[in-house]
$ cat protein33.cif   # mmCIF, C-alpha atoms and all ligand atoms
data_structure
loop_
_atom_site.label_atom_id
_atom_site.label_comp_id
_atom_site.auth_asym_id
_atom_site.auth_seq_id
_atom_site.Cartn_x
_atom_site.Cartn_y
_atom_site.Cartn_z
CA MET E 1 0.00 0.00 0.00
CA SER E 2 2.73 2.46 1.02
CA SER E 3 4.72 1.73 -2.17
CA ILE E 4 1.60 2.43 -4.28
CA LEU E 5 1.15 5.71 -2.40
CA SER E 6 4.78 6.69 -2.87
CA THR E 7 4.59 5.82 -6.58
CA CYS E 8 1.44 7.97 -6.87
CA SER E 9 2.97 10.86 -4.94
CA ARG E 10 6.12 10.69 -7.09
CA ALA E 11 3.94 10.78 -10.22
CA ILE E 12 1.97 13.78 -8.88
CA LEU E 13 5.18 15.59 -7.90
CA GLU E 14 6.59 14.91 -11.37
CA VAL E 15 3.53 16.55 -12.98
CA LEU E 16 3.54 19.51 -10.59
CA PHE E 17 7.33 20.01 -10.54
CA PRO E 18 8.86 18.35 -13.61
CA SER E 19 12.63 17.85 -13.27
CA CYS E 20 14.57 20.17 -15.51
CA CYS E 21 18.10 20.05 -16.86
CA ALA E 22 20.49 21.98 -14.59
CA ALA E 23 22.19 23.51 -17.66
CA CYS E 24 19.50 24.34 -20.23
CA GLY E 25 16.32 24.13 -18.15
CA HIS E 26 14.55 21.77 -20.56
CA LYS E 27 12.34 19.08 -19.07
CA LEU E 28 14.23 15.84 -18.46
CA VAL E 29 12.99 12.60 -19.96
CA GLN E 30 12.72 9.45 -17.87
CA GLU E 31 16.25 8.06 -18.22
CA GLU E 32 17.91 11.46 -17.72
CA GLN E 33 19.11 12.64 -14.32
CA THR E 34 19.86 16.30 -13.42
CA ILE E 35 21.54 17.03 -16.80
CA CYS E 36 19.90 16.31 -20.17
CA SER E 37 21.66 14.18 -22.76
CA SER E 38 22.07 17.10 -25.21
CA CYS E 39 23.90 19.15 -22.58
CA LEU E 40 26.09 16.19 -21.64
CA ALA E 41 26.97 15.80 -25.32
CA ALA E 42 27.66 19.56 -25.64
CA ILE E 43 30.42 19.46 -23.00
CA THR E 44 33.66 19.79 -24.99
CA ARG E 45 35.98 17.04 -23.80
CA THR E 46 39.74 17.73 -23.72
CA GLU E 47 40.65 14.00 -24.06
CA HIS E 48 43.51 14.76 -21.64
CA ALA E 49 43.07 11.45 -19.84
CA ILE E 50 44.37 9.64 -22.92
CA ILE E 51 46.87 12.27 -24.13
CA PRO E 52 50.40 12.15 -22.64
CA ASN E 53 52.01 15.58 -22.04
CA ASN E 54 48.68 17.30 -22.37
CA GLY E 55 47.94 20.93 -21.43
CA ILE E 56 47.59 20.17 -17.72
CA ASP E 57 50.89 18.23 -17.66
CA MET E 58 52.59 21.18 -19.41
CA LEU E 59 51.05 23.65 -16.94
CA PHE E 60 52.39 21.76 -13.91
CA ALA E 61 55.76 21.18 -15.61
CA GLU E 62 56.05 24.97 -16.02
CA LEU E 63 55.07 25.59 -12.39
CA MET E 64 57.66 23.06 -11.19
CA HIS E 65 60.29 24.65 -13.40
CA SER E 66 59.52 28.25 -12.41
CA GLU E 67 59.45 27.45 -8.69
CA LYS E 68 62.33 24.96 -8.88
CA ALA E 69 60.09 22.56 -6.99
CA HIS E 70 60.96 18.86 -6.94
CA ILE E 71 57.63 17.16 -7.12
CA ARG E 72 56.87 13.53 -7.86
CA TYR E 73 54.22 14.32 -10.45
CA VAL E 74 52.72 11.48 -12.48
CA HIS E 75 49.90 12.71 -14.71
CA GLY E 76 47.19 15.35 -14.95
CA ALA E 77 43.94 15.78 -16.80
CA ALA E 78 40.90 17.99 -17.04
CA PHE E 79 37.75 16.36 -18.34
CA ALA E 80 36.52 19.28 -20.45
CA TYR E 81 37.12 22.88 -21.47
CA TYR E 82 35.83 25.64 -19.23
CA ASN E 83 36.66 28.71 -21.33
CA ARG E 84 34.31 31.11 -23.11
CA GLU E 85 34.83 29.61 -26.57
CA ARG E 86 34.47 25.91 -25.87
CA GLY E 87 33.35 25.61 -22.29
CA GLN E 88 29.97 27.28 -21.99
CA THR E 89 27.94 24.20 -21.05
CA LEU E 90 30.38 23.10 -18.36
CA ARG E 91 30.68 26.68 -17.05
CA SER E 92 26.94 26.94 -16.78
CA LEU E 93 26.70 23.62 -14.91
CA ILE E 94 29.54 24.37 -12.50
CA GLU E 95 28.35 27.93 -11.80
CA LYS E 96 24.79 26.80 -11.15
CA GLY E 97 26.05 23.89 -9.06
CA LYS E 98 28.14 26.18 -6.86
CA PHE E 99 26.60 29.63 -6.88
CA GLY E 100 23.00 29.27 -8.04
CA PRO E 101 20.04 29.88 -5.74
CA HIS E 102 20.01 26.13 -5.09
CA PRO E 103 23.61 24.82 -5.14
CA ASN E 104 23.47 21.24 -6.33
CA PRO E 105 26.15 18.68 -5.40
CA GLN E 106 24.53 16.11 -7.68
CA ILE E 107 25.91 17.98 -10.73
CA PHE E 108 29.47 17.36 -9.52
CA TYR E 109 28.79 13.75 -8.62
CA LEU E 110 27.31 13.02 -12.07
CA LEU E 111 30.15 14.74 -13.94
CA GLY E 112 32.77 12.90 -11.87
CA ARG E 113 31.03 9.62 -12.65
CA LEU E 114 30.75 10.51 -16.34
CA ALA E 115 34.48 11.32 -16.59
CA ALA E 116 35.42 8.02 -14.92
CA GLN E 117 33.02 6.04 -17.14
CA GLU E 118 34.22 7.65 -20.37
CA TYR E 119 37.91 7.26 -19.55
CA ILE E 120 37.68 4.09 -17.50
CA ASP E 121 40.75 2.54 -19.20
CA ALA E 122 42.92 5.67 -19.00
CA ASP E 123 46.37 5.52 -17.36
CA LEU E 124 45.33 8.48 -15.20
CA TRP E 125 43.72 6.22 -12.59
CA ASP E 126 46.43 3.53 -12.61
CA ASN E 127 47.79 2.63 -9.16
CA VAL E 128 46.01 5.56 -7.49
CA ASP E 129 45.69 4.83 -3.75
CA ALA E 130 43.35 7.69 -2.84
CA LEU E 131 41.23 10.44 -4.36
CA VAL E 132 41.82 13.65 -2.42
CA PRO E 133 39.45 16.59 -2.94
CA VAL E 134 40.98 20.06 -2.65
CA PRO E 135 39.35 21.18 0.61
CA LEU E 136 37.10 24.21 1.01
CA HIS E 137 37.50 26.39 4.05
CA SER E 138 34.97 25.50 6.75
CA SER E 139 33.11 28.84 6.41
CA ARG E 140 32.59 28.30 2.66
CA LEU E 141 31.63 24.69 3.35
CA ARG E 142 28.99 25.86 5.84
CA GLN E 143 27.69 28.46 3.39
CA ARG E 144 27.41 26.06 0.41
CA GLY E 145 26.70 22.93 2.40
CA PHE E 146 29.11 20.73 0.41
CA ASN E 147 32.54 20.60 -1.18
CA GLN E 148 32.07 20.17 -4.93
CA ALA E 149 35.49 18.48 -5.27
CA GLU E 150 34.39 15.81 -2.82
CA TYR E 151 31.29 15.08 -4.91
CA ILE E 152 33.45 14.74 -8.03
CA CYS E 153 35.54 12.20 -6.06
CA ARG E 154 32.37 10.33 -5.07
CA GLY E 155 31.36 10.04 -8.73
CA ILE E 156 34.81 8.75 -9.73
CA SER E 157 34.96 6.41 -6.75
CA ASP E 158 31.60 4.84 -7.56
CA VAL E 159 32.94 3.78 -10.95
CA LEU E 160 36.55 2.94 -10.14
CA HIS E 161 36.29 1.92 -6.45
CA ILE E 162 39.23 4.10 -5.42
CA PRO E 163 38.91 5.26 -1.79
CA ILE E 164 38.39 8.95 -0.98
CA ASP E 165 40.62 10.64 1.60
CA THR E 166 39.18 13.84 3.14
CA THR E 167 41.14 13.75 6.38
CA HIS E 168 44.80 14.43 5.56
CA LEU E 169 44.76 17.54 3.36
CA VAL E 170 43.14 20.46 5.20
CA ARG E 171 42.70 24.15 4.56
CA THR E 172 44.06 26.56 7.13
CA TYR E 173 42.29 29.85 6.45
CA ASN E 174 39.82 31.41 4.03
CA ASN E 175 40.78 33.38 0.95
CA SER E 176 38.66 35.67 -1.16
CA HIS E 177 36.79 34.57 -4.27
CA GLN E 178 39.53 34.59 -6.85
CA SER E 179 38.41 33.00 -10.10
CA GLN E 180 39.50 36.00 -12.19
CA SER E 181 42.81 36.85 -10.46
CA GLU E 182 46.08 36.60 -12.32
CA PHE E 183 48.60 33.94 -11.31
CA GLU E 184 50.93 36.03 -9.12
CA LYS E 185 48.04 37.34 -7.07
CA ARG E 186 46.71 33.82 -6.74
CA LYS E 187 50.07 32.47 -5.69
CA ASP E 188 50.22 34.92 -2.76
CA ASN E 189 46.60 34.23 -1.97
CA VAL E 190 47.08 30.49 -1.62
CA LYS E 191 50.49 30.49 0.07
CA ASP E 192 50.40 28.35 3.23
CA LEU E 193 46.72 27.77 2.68
CA PHE E 194 47.00 24.00 3.06
CA VAL E 195 48.52 21.59 5.51
CA ILE E 196 48.86 17.81 5.45
CA LEU E 197 48.00 16.11 8.73
CA HIS E 198 49.82 12.84 9.54
CA PRO E 199 51.94 13.10 6.37
CA GLU E 200 53.65 9.79 7.17
CA GLU E 201 50.41 8.06 6.15
CA TRP E 202 50.96 9.27 2.58
CA LYS E 203 54.40 7.63 2.34
CA LYS E 204 54.67 5.57 -0.85
CA LYS E 205 51.12 6.51 -1.80
CA HIS E 206 49.89 7.74 -5.17
CA ILE E 207 47.41 10.54 -4.54
CA LEU E 208 45.00 11.85 -7.17
CA LEU E 209 44.21 15.43 -6.22
CA VAL E 210 40.76 16.52 -7.44
CA ASP E 211 39.20 19.96 -7.95
CA ASP E 212 36.35 21.35 -10.03
CA VAL E 213 38.34 23.75 -12.23
CA ILE E 214 42.02 24.34 -12.97
CA THR E 215 42.77 27.94 -14.00
CA SER E 216 46.36 28.95 -13.18
CA GLY E 217 47.03 25.72 -11.30
CA ALA E 218 48.17 27.79 -8.28
CA THR E 219 45.76 26.27 -5.76
CA MET E 220 46.55 22.69 -6.68
CA PHE E 221 50.26 23.46 -6.90
CA GLU E 222 50.24 24.71 -3.31
CA CYS E 223 48.65 21.41 -2.24
CA ILE E 224 51.18 19.43 -4.26
CA LYS E 225 54.15 21.32 -2.81
CA LYS E 226 53.14 20.18 0.66
CA THR E 227 53.80 16.58 -0.39
CA THR E 228 57.44 17.13 -1.40
CA PRO E 229 58.89 16.13 2.01
CA ILE E 230 56.81 12.92 2.08
CA ARG E 231 59.01 10.07 0.93
CA GLY E 232 57.62 8.17 -2.03
CA CYS E 233 54.42 10.21 -2.28
CA TRP E 234 53.38 10.56 -5.93
CA ILE E 235 50.80 13.03 -7.18
CA SER E 236 48.39 13.13 -10.12
CA VAL E 237 45.75 15.78 -10.66
CA PHE E 238 42.23 15.83 -12.09
CA ALA E 239 39.65 18.56 -12.61
CA LEU E 240 36.34 18.68 -14.43
CA GLY E 241 37.18 21.93 -16.18
CA TRP E 242 40.23 23.61 -17.67
CA ALA E 243 39.91 27.38 -17.92
CA HIS E 244 42.46 27.61 -20.70
CA ASN E 245 42.22 30.24 -23.43
ZN ZN S 301 20.18 20.44 -20.91
#
$ encode --input "protein33.cif" --output "structure tokens"
Amino acid sequence: MSSILSTCSRAILEVLFPSCCAACGHKLVQEEQTICSSCLAAITRTEHAIIPNNGIDMLFAELMHSEKAHIRYVHGAAFAYYNRERGQTLRSLIEKGKFGPHPNPQIFYLLGRLAAQEYIDADLWDNVDALVPVPLHSSRLRQRGFNQAEYICRGISDVLHIPIDTTHLVRTYNNSHQSQSEFEKRKDNVKDLFVILHPEEWKKKHILLVDDVITSGATMFECIKKTTPIRGCWISVFALGWAHN
């Protein structure tokens, strides 16, 4: 009886409040969830996960060179473009997911899962011991209610069964909203922003650091630099979007 009622109430709710695509607002059909299939198809993939020495690898190679940092870097990838020319659909999804009137973690979960499903055989995930989301400061976390990077990790983890580690890498203080700042400003902004607790537990581990968007790479690079004293700790990076022009 209760299952009939819940089926009926779901059907009524669906008529009263049809689910709409988080990107384009069109009504979703039955097999679609949160994002419609046309919008998913319109996301411009970078194919980084299967391209050695891709744009993200080059970006981190430059950062290592310019800062003379000795980092055990393995591989990096962004799932799709996030710039004005080729990244409008992803931008719209990420902005609505984070800043809209109803921030929606499901968008990040679904996109993380999609990336893992599409590139399931890519070297990027090989021998990764833990997925580590770039942490949000606690005040931003309270405000939004979730860390989008953690939801991306959940999506990836559901496909690839790699554990998620949210306990070792922590953020020390808040910094201002900085998506448009140039690299130097960002570098100062993120200096000493992160700390690794119990670093010995990352010895001989391969960590895949995950964020929603890579712009200058400064935020992730600050996280990565904290791993340099940890013996045998190897780092790869992944983001949904690459804000490259
Ligand atoms: Zn759509």
$ residues_around --input "protein33.cif" --residues "range 234-242 of chain E" --least-positions-apart "5" --cutoff "7 Å" --atoms "only C-alpha atoms" --output "mmCIF file with C-alpha atoms, in the coordinates of the input"
data_model
loop_
_atom_site.group_PDB
_atom_site.id
_atom_site.type_symbol
_atom_site.label_atom_id
_atom_site.label_comp_id
_atom_site.auth_asym_id
_atom_site.auth_seq_id
_atom_site.Cartn_x
_atom_site.Cartn_y
_atom_site.Cartn_z
ATOM 1 C CA ARG E 72 56.870 13.530 -7.860
ATOM 2 C CA TYR E 73 54.220 14.320 -10.450
ATOM 3 C CA VAL E 74 52.720 11.480 -12.480
ATOM 4 C CA HIS E 75 49.900 12.710 -14.710
ATOM 5 C CA GLY E 76 47.190 15.350 -14.950
ATOM 6 C CA ALA E 77 43.940 15.780 -16.800
ATOM 7 C CA ALA E 78 40.900 17.990 -17.040
ATOM 8 C CA PHE E 79 37.750 16.360 -18.340
ATOM 9 C CA ALA E 80 36.520 19.280 -20.450
ATOM 10 C CA TYR E 81 37.120 22.880 -21.470
ATOM 11 C CA TYR E 82 35.830 25.640 -19.230
ATOM 12 C CA LYS E 205 51.120 6.510 -1.800
ATOM 13 C CA HIS E 206 49.890 7.740 -5.170
ATOM 14 C CA ILE E 207 47.410 10.540 -4.540
ATOM 15 C CA LEU E 208 45.000 11.850 -7.170
ATOM 16 C CA LEU E 209 44.210 15.430 -6.220
ATOM 17 C CA VAL E 210 40.760 16.520 -7.440
ATOM 18 C CA ASP E 211 39.200 19.960 -7.950
ATOM 19 C CA ASP E 212 36.350 21.350 -10.030
ATOM 20 C CA VAL E 213 38.340 23.750 -12.230
ATOM 21 C CA ILE E 214 42.020 24.340 -12.970
ATOM 22 C CA THR E 215 42.770 27.940 -14.000
#
$ residues_around --input "protein33.cif" --residues "Glu222 in chain E" --least-positions-apart "3" --cutoff "12 Å" --atoms "all atoms listed in the file" --output "number ranges by chain"
E: 60, 63-64, 67, 69, 71, 134, 169-171, 186-196, 209, 216-219, 225-228
$ residues_near_ligand --input "protein33.cif" --ligand "ligand ZN 301 (chain S)" --cutoff "8 Å" --atoms "only C-alpha atoms and all ligand atoms" --output "list in words"
Cys20, Cys21, Ala22, Ala23, Cys24, Gly25, His26, Leu28, Ile35, Cys36, Ser37, Ser38, Cys39 and Leu40 of chain E
$ atom_distance --input "protein33.cif" --atom1 "CA of Tyr151 in chain E" --atom2 "CA of Pro105 in chain E"
6.3 Å
$ atom_distance --input "protein33.cif" --atom1 "CA of Gln117 in chain E" --atom2 "CA of Ile156 in chain E"
8.1 Å
$ atom_distance --input "protein33.cif" --atom1 "CA of Ala41 in chain E" --atom2 "CA of Asp123 in chain E"
23.4 Å
$ closest_residue --input "protein33.cif" --among "E:Glu200, E:Glu47, E:Glu62, E:Glu31" --to "Pro229 in chain E" --atoms "all atoms listed in the file"
E:Glu200
$ residues_around --input "protein33.cif" --residues "Leu110 in chain E" --least-positions-apart "4" --cutoff "8 Å" --atoms "only C-alpha atoms" --output "ChimeraX atom specification"
/E:106,114,152,155
$ axis_aligned_box --input "protein33.cif" --around "range 67-86 of chain E" --padding-each-side "3 Å" --output "lines of an AutoDock Vina configuration file"
center_x = 48.3
center_y = 21.3
center_z = -16.8
size_x = 34.0
size_y = 25.6
size_z = 25.6
$ residues_around --input "protein33.cif" --residues "Gln88 in chain E" --least-positions-apart "4" --cutoff "10 Å" --atoms "all atoms listed in the file" --output "PyMOL selection string"
chain E and resi 23+42-44+81-84+92-94
$ closest_residue --input "protein33.cif" --among "E:His48, E:Arg86, E:His137, E:Lys203" --to "Glu118 in chain E" --atoms "all atoms listed in the file"
E:His48
$ build_atoms --input "protein33.cif" --residues "range 81-92 of chain E" --atoms "all heavy atoms" --output "PDB file, keeping the file's coordinate frame"
ATOM      1  N   TYR E  81      36.746  21.461 -21.449  1.00  0.00           N
ATOM      2  CA  TYR E  81      37.120  22.880 -21.470  1.00  0.00           C
ATOM      3  C   TYR E  81      36.126  23.692 -20.653  1.00  0.00           C
ATOM      4  O   TYR E  81      34.938  23.351 -20.564  1.00  0.00           O
ATOM      5  CB  TYR E  81      37.156  23.397 -22.910  1.00  0.00           C
ATOM      6  CG  TYR E  81      38.303  22.819 -23.686  1.00  0.00           C
ATOM      7  CD1 TYR E  81      38.118  21.725 -24.523  1.00  0.00           C
ATOM      8  CD2 TYR E  81      39.584  23.347 -23.564  1.00  0.00           C
ATOM      9  CE1 TYR E  81      39.182  21.161 -25.215  1.00  0.00           C
ATOM     10  CE2 TYR E  81      40.656  22.799 -24.250  1.00  0.00           C
ATOM     11  CZ  TYR E  81      40.449  21.713 -25.073  1.00  0.00           C
ATOM     12  OH  TYR E  81      41.493  21.162 -25.746  1.00  0.00           O
ATOM     13  N   TYR E  82      36.652  24.797 -20.099  1.00  0.00           N
ATOM     14  CA  TYR E  82      35.830  25.640 -19.230  1.00  0.00           C
ATOM     15  C   TYR E  82      35.970  27.101 -19.661  1.00  0.00           C
ATOM     16  O   TYR E  82      35.698  28.009 -18.917  1.00  0.00           O
ATOM     17  CB  TYR E  82      36.348  25.455 -17.786  1.00  0.00           C
ATOM     18  CG  TYR E  82      35.558  26.147 -16.700  1.00  0.00           C
ATOM     19  CD1 TYR E  82      34.363  25.613 -16.222  1.00  0.00           C
ATOM     20  CD2 TYR E  82      36.022  27.331 -16.122  1.00  0.00           C
ATOM     21  CE1 TYR E  82      33.655  26.237 -15.215  1.00  0.00           C
ATOM     22  CE2 TYR E  82      35.312  27.957 -15.106  1.00  0.00           C
ATOM     23  CZ  TYR E  82      34.131  27.409 -14.659  1.00  0.00           C
ATOM     24  OH  TYR E  82      33.432  28.020 -13.656  1.00  0.00           O
ATOM     25  N   ASN E  83      36.442  27.327 -20.889  1.00  0.00           N
ATOM     26  CA  ASN E  83      36.660  28.710 -21.330  1.00  0.00           C
ATOM     27  C   ASN E  83      35.432  29.222 -22.092  1.00  0.00           C
ATOM     28  O   ASN E  83      34.460  28.496 -22.319  1.00  0.00           O
ATOM     29  CB  ASN E  83      37.923  28.805 -22.194  1.00  0.00           C
ATOM     30  CG  ASN E  83      37.887  27.815 -23.344  1.00  0.00           C
ATOM     31  OD1 ASN E  83      36.816  27.358 -23.756  1.00  0.00           O
ATOM     32  ND2 ASN E  83      39.042  27.467 -23.858  1.00  0.00           N
ATOM     33  N   ARG E  84      35.489  30.497 -22.482  1.00  0.00           N
ATOM     34  CA  ARG E  84      34.310  31.110 -23.110  1.00  0.00           C
ATOM     35  C   ARG E  84      34.003  30.497 -24.477  1.00  0.00           C
ATOM     36  O   ARG E  84      32.851  30.374 -24.857  1.00  0.00           O
ATOM     37  CB  ARG E  84      34.496  32.617 -23.247  1.00  0.00           C
ATOM     38  CG  ARG E  84      34.525  33.265 -21.896  1.00  0.00           C
ATOM     39  CD  ARG E  84      34.256  34.758 -21.919  1.00  0.00           C
ATOM     40  NE  ARG E  84      34.533  35.298 -20.599  1.00  0.00           N
ATOM     41  CZ  ARG E  84      33.728  35.185 -19.550  1.00  0.00           C
ATOM     42  NH1 ARG E  84      32.571  34.580 -19.661  1.00  0.00           N
ATOM     43  NH2 ARG E  84      34.067  35.682 -18.376  1.00  0.00           N
ATOM     44  N   GLU E  85      35.047  30.103 -25.209  1.00  0.00           N
ATOM     45  CA  GLU E  85      34.830  29.610 -26.570  1.00  0.00           C
ATOM     46  C   GLU E  85      34.249  28.195 -26.573  1.00  0.00           C
ATOM     47  O   GLU E  85      33.299  27.900 -27.277  1.00  0.00           O
ATOM     48  CB  GLU E  85      36.149  29.593 -27.371  1.00  0.00           C
ATOM     49  CG  GLU E  85      36.770  30.956 -27.606  1.00  0.00           C
ATOM     50  CD  GLU E  85      37.407  31.548 -26.351  1.00  0.00           C
ATOM     51  OE1 GLU E  85      37.998  30.787 -25.557  1.00  0.00           O
ATOM     52  OE2 GLU E  85      37.274  32.768 -26.146  1.00  0.00           O
ATOM     53  N   ARG E  86      34.859  27.315 -25.773  1.00  0.00           N
ATOM     54  CA  ARG E  86      34.470  25.910 -25.870  1.00  0.00           C
ATOM     55  C   ARG E  86      33.855  25.348 -24.599  1.00  0.00           C
ATOM     56  O   ARG E  86      33.502  24.174 -24.560  1.00  0.00           O
ATOM     57  CB  ARG E  86      35.715  25.070 -26.232  1.00  0.00           C
ATOM     58  CG  ARG E  86      36.172  25.292 -27.646  1.00  0.00           C
ATOM     59  CD  ARG E  86      37.354  24.409 -27.967  1.00  0.00           C
ATOM     60  NE  ARG E  86      38.579  24.898 -27.374  1.00  0.00           N
ATOM     61  CZ  ARG E  86      39.767  24.337 -27.548  1.00  0.00           C
ATOM     62  NH1 ARG E  86      39.873  23.262 -28.285  1.00  0.00           N
ATOM     63  NH2 ARG E  86      40.841  24.845 -26.988  1.00  0.00           N
ATOM     64  N   GLY E  87      33.739  26.194 -23.572  1.00  0.00           N
ATOM     65  CA  GLY E  87      33.350  25.610 -22.290  1.00  0.00           C
ATOM     66  C   GLY E  87      32.045  26.093 -21.704  1.00  0.00           C
ATOM     67  O   GLY E  87      31.813  25.953 -20.503  1.00  0.00           O
ATOM     68  N   GLN E  88      31.172  26.639 -22.543  1.00  0.00           N
ATOM     69  CA  GLN E  88      29.970  27.280 -21.990  1.00  0.00           C
ATOM     70  C   GLN E  88      29.057  26.328 -21.214  1.00  0.00           C
ATOM     71  O   GLN E  88      28.524  26.692 -20.171  1.00  0.00           O
ATOM     72  CB  GLN E  88      29.175  27.989 -23.091  1.00  0.00           C
ATOM     73  CG  GLN E  88      29.810  29.287 -23.573  1.00  0.00           C
ATOM     74  CD  GLN E  88      29.974  30.347 -22.465  1.00  0.00           C
ATOM     75  OE1 GLN E  88      29.546  30.166 -21.338  1.00  0.00           O
ATOM     76  NE2 GLN E  88      30.624  31.454 -22.787  1.00  0.00           N
ATOM     77  N   THR E  89      28.857  25.124 -21.729  1.00  0.00           N
ATOM     78  CA  THR E  89      27.940  24.200 -21.050  1.00  0.00           C
ATOM     79  C   THR E  89      28.492  23.809 -19.684  1.00  0.00           C
ATOM     80  O   THR E  89      27.777  23.829 -18.683  1.00  0.00           O
ATOM     81  CB  THR E  89      27.705  22.932 -21.910  1.00  0.00           C
ATOM     82  OG1 THR E  89      27.293  23.351 -23.199  1.00  0.00           O
ATOM     83  CG2 THR E  89      26.637  22.041 -21.317  1.00  0.00           C
ATOM     84  N   LEU E  90      29.783  23.488 -19.648  1.00  0.00           N
ATOM     85  CA  LEU E  90      30.380  23.100 -18.360  1.00  0.00           C
ATOM     86  C   LEU E  90      30.386  24.276 -17.388  1.00  0.00           C
ATOM     87  O   LEU E  90      30.108  24.115 -16.200  1.00  0.00           O
ATOM     88  CB  LEU E  90      31.806  22.574 -18.571  1.00  0.00           C
ATOM     89  CG  LEU E  90      32.446  21.990 -17.313  1.00  0.00           C
ATOM     90  CD1 LEU E  90      31.718  20.746 -16.842  1.00  0.00           C
ATOM     91  CD2 LEU E  90      33.913  21.675 -17.531  1.00  0.00           C
ATOM     92  N   ARG E  91      30.691  25.470 -17.905  1.00  0.00           N
ATOM     93  CA  ARG E  91      30.680  26.680 -17.050  1.00  0.00           C
ATOM     94  C   ARG E  91      29.314  26.855 -16.416  1.00  0.00           C
ATOM     95  O   ARG E  91      29.181  27.099 -15.229  1.00  0.00           O
ATOM     96  CB  ARG E  91      30.969  27.932 -17.878  1.00  0.00           C
ATOM     97  CG  ARG E  91      32.421  28.157 -18.159  1.00  0.00           C
ATOM     98  CD  ARG E  91      32.573  29.399 -19.019  1.00  0.00           C
ATOM     99  NE  ARG E  91      32.499  30.603 -18.213  1.00  0.00           N
ATOM    100  CZ  ARG E  91      33.565  31.243 -17.763  1.00  0.00           C
ATOM    101  NH1 ARG E  91      34.776  30.797 -18.039  1.00  0.00           N
ATOM    102  NH2 ARG E  91      33.441  32.338 -17.051  1.00  0.00           N
ATOM    103  N   SER E  92      28.292  26.746 -17.254  1.00  0.00           N
ATOM    104  CA  SER E  92      26.940  26.940 -16.780  1.00  0.00           C
ATOM    105  C   SER E  92      26.612  25.917 -15.677  1.00  0.00           C
ATOM    106  O   SER E  92      26.052  26.252 -14.633  1.00  0.00           O
ATOM    107  CB  SER E  92      26.003  26.824 -17.983  1.00  0.00           C
ATOM    108  OG  SER E  92      24.714  26.626 -17.570  1.00  0.00           O
TER     109      SER E  92
END
